[in-house]
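*Asks:* Dropping the structure in here first, questions after.
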Amino acid sequence: MGLVPSQRAGQMCAHSAGAVGAVDAADAMLVRLAELLRHALDRSGRQLVSLREEMAFLDRYLTLEQMRFGERLSVSREIAPEVLEAQVPNLILQPLVENAIKHGVEPLLVPGRIAIRAVESSPGRLRLEVQDNGKGLDPDRSPGLGVGTSNTLARLNQLYGSGAQFRLEAVPEGGVQAVVEMPLSR
């Protein structure tokens, strides 16, 4: 038995409302993406930025990812206030967070978590960490470096030589932690 016209109209309104919601969400995402790109272009000529600026850019990026993942992604930040003005390589954290989402959160069937930390680890040293709660490193394989991590390592070497380190660590309770240590300069 088919739907009567009033039922069809109600069903069409419900579908249209869903489509309008999807269009509104897509519009909001496009606006956020434009802001992210504009912010990246504004900083494109600078090798170093303050950690505060880096976190502002990262917040824009994470807004997009949280729109995409919804309740499946939570992010925590533990940034020591005294390192907010520290100079860091421009866009140093974004590829690490992107990898944590792609390899850690995205494959999960349960909600994923990303933790971002920055602290003065010892006098004159800055430690940045990006941790996920994904499946972790494969114990049978050494962690390979993809494009994002390879670029991160190359940029650190170019700017700091042996004064900077980058490594991926298995997290005992599951997940991976990317660690960057570099000289602290304000």
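Residues are referred to by chain and number: the chain letter is A, B, ... according to the order shown in the structure tokens, the number counts from 1 in that chain, and ligands are numbered separately from 1 in the order shown.
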Within 9 Å of Leu62 in chain A, counting only C-alpha atoms, which residues qualify if same-chain residues fewer than 5 places away don't, as a PyMOL selection string?

*Replies:* chain A and resi 57+67+75+94+97

*Asks:* Write out as a PyMOL selection string the set of residues from range 32-157 of chain A that DSSP, computed on the backbone, places in helix (DSSP H, G or I).

*Replies:* chain A and resi 32-42+51-72+81-83+94-105+147-157

*Asks:* Would you mind listing, for every residue of range 34-90 of chain A within 12 Å of range 149-161 of chain A, the two atoms forming the shortest contact and the distance between them in Å to one decimal, using only C-alpha atoms, sorted by chain and ascending residue number, as JSON lines?

*Replies:*
```
{"residue": "A:Gln47", "atom": "CA", "partner": "A:Leu159", "partner_atom": "CA", "distance": 8.7}
{"residue": "A:Leu48", "atom": "CA", "partner": "A:Leu159", "partner_atom": "CA", "distance": 9.4}
{"residue": "A:Gln87", "atom": "CA", "partner": "A:Leu159", "partner_atom": "CA", "distance": 11.5}
{"residue": "A:Val88", "atom": "CA", "partner": "A:Leu156", "partner_atom": "CA", "distance": 9.7}
{"residue": "A:Pro89", "atom": "CA", "partner": "A:Leu156", "partner_atom": "CA", "distance": 7.7}
{"residue": "A:Asn90", "atom": "CA", "partner": "A:Arg155", "partner_atom": "CA", "distance": 9.7}
```

*Asks:* Go ahead and save the picked residues with C-alpha atoms, as a short mmCIF file (atom, residue, chain, number, x, y, z; two decimals), in the first residue's frame.

*Replies:*
```
data_model
loop_
_atom_site.label_atom_id
_atom_site.label_comp_id
_atom_site.auth_asym_id
_atom_site.auth_seq_id
_atom_site.Cartn_x
_atom_site.Cartn_y
_atom_site.Cartn_z
CA GLN A 47 59.81 29.17 9.61
CA LEU A 48 59.04 29.66 13.30
CA GLN A 87 59.20 29.42 19.07
CA VAL A 88 58.35 26.20 17.22
CA PRO A 89 58.54 25.21 13.56
CA ASN A 90 55.47 26.41 11.68
#
```

*Asks:* Please, what distance in Å, to one decimal, runs between CA of Pro107 in chain A and CA of Asp59 in chain A?

*Replies:* 22.2 Å

*Asks:* Measuring between only C-alpha atoms, which one of A:Met55, A:Glu78, A:Val83, A:Ile92 shows the shortest distance to Pro123 in chain A?

*Replies:*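 The answer is A:Val83, which sits nearest to Pro123 in chain A.
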
*Asks:* Quick check for you: according to DSSP on this backbone, which residues of range 90-149 of chain A are classed as strand (DSSP E or B)? Reply as number ranges by chain.

*Replies:* A: 112-122, 125-132

*Asks:* Between A:Gly45, A:Gly70, A:Gly146, A:Pro183, which one has atoms that come closest to Pro111 in chain A, using only C-alpha atoms?

*Replies:* A:Gly70

*Asks:* Name all residues at most 12 Å from Gln66 in chain A (count only C-alpha atoms; drop same-chain ones fewer than 5 positions away) and give them as a compact mmCIF listing (two decimals) with C-alpha atoms, in the first residue's frame.

*Replies:*
```
# COMPACT_ATOMS: atom_id res chain seq x y z
CA ALA A 25 26.99 21.30 8.08
CA MET A 29 32.87 22.95 7.21
CA ARG A 32 36.18 26.48 8.68
CA LEU A 58 45.76 23.40 15.35
CA ASP A 59 42.46 24.36 17.02
CA ARG A 60 41.09 25.39 13.60
CA TYR A 61 42.20 22.06 12.13
CA GLU A 71 31.36 12.11 19.32
CA ARG A 72 34.00 9.68 18.02
CA LEU A 73 36.81 12.18 18.70
CA SER A 74 37.78 13.92 21.89
CA VAL A 75 40.83 16.11 22.30
CA ILE A 101 43.60 10.67 13.77
CA VAL A 105 41.31 7.22 15.91
CA GLU A 106 39.81 6.51 12.48
CA PRO A 111 35.51 6.83 20.55
CA GLY A 112 39.06 8.00 20.00
CA ARG A 113 41.13 10.37 22.09
CA ILE A 114 43.98 12.66 21.15
```

*Asks:* For Ser50 in chain A, which residue among A:Leu109, A:Leu184, A:Ala164, A:Val147 is the nearest when counting only C-alpha atoms?

*Replies:*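 Of all the options, A:Leu184 lies closest to Ser50 in chain A.
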
*Asks:* From the options A:Val171, A:Ile116, A:Ala178, A:Gly163, which residue's atoms come nearest to Asp138 in chain A, counting only C-alpha atoms?

*Replies:*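 Closest candidate: A:Val171.
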
*Asks:* Between A:Glu53, A:Ala100, A:Ser122, A:Leu93, which one has atoms that come closest to Phe166 in chain A, using only C-alpha atoms?

*Replies:*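 Of A:Glu53, A:Ala100, A:Ser122, A:Leu93, the one nearest Phe166 in chain A is A:Leu93, counting only C-alpha atoms.
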
*Asks:* Between CA of Ser185 in chain A and CA of Arg127 in chain A, measure the distance and give it in Å to one decimal.

*Replies:*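 Computing the Euclidean distance for CA of Ser185 in chain A and CA of Arg127 in chain A yields 12.1 Å.
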
*Asks:* How many Å separate CA of Val180 in chain A from CA of Glu65 in chain A?

*Replies:*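 Straight-line distance from CA of Val180 in chain A to CA of Glu65 in chain A works out to 22.5 Å.
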
*Asks:* Just checking: using only C-alpha atoms, which residue out of A:Val110, A:Pro172, A:Gln177, A:Leu91 ends up closest to Gln131 in chain A?

*Replies:* A:Gln177
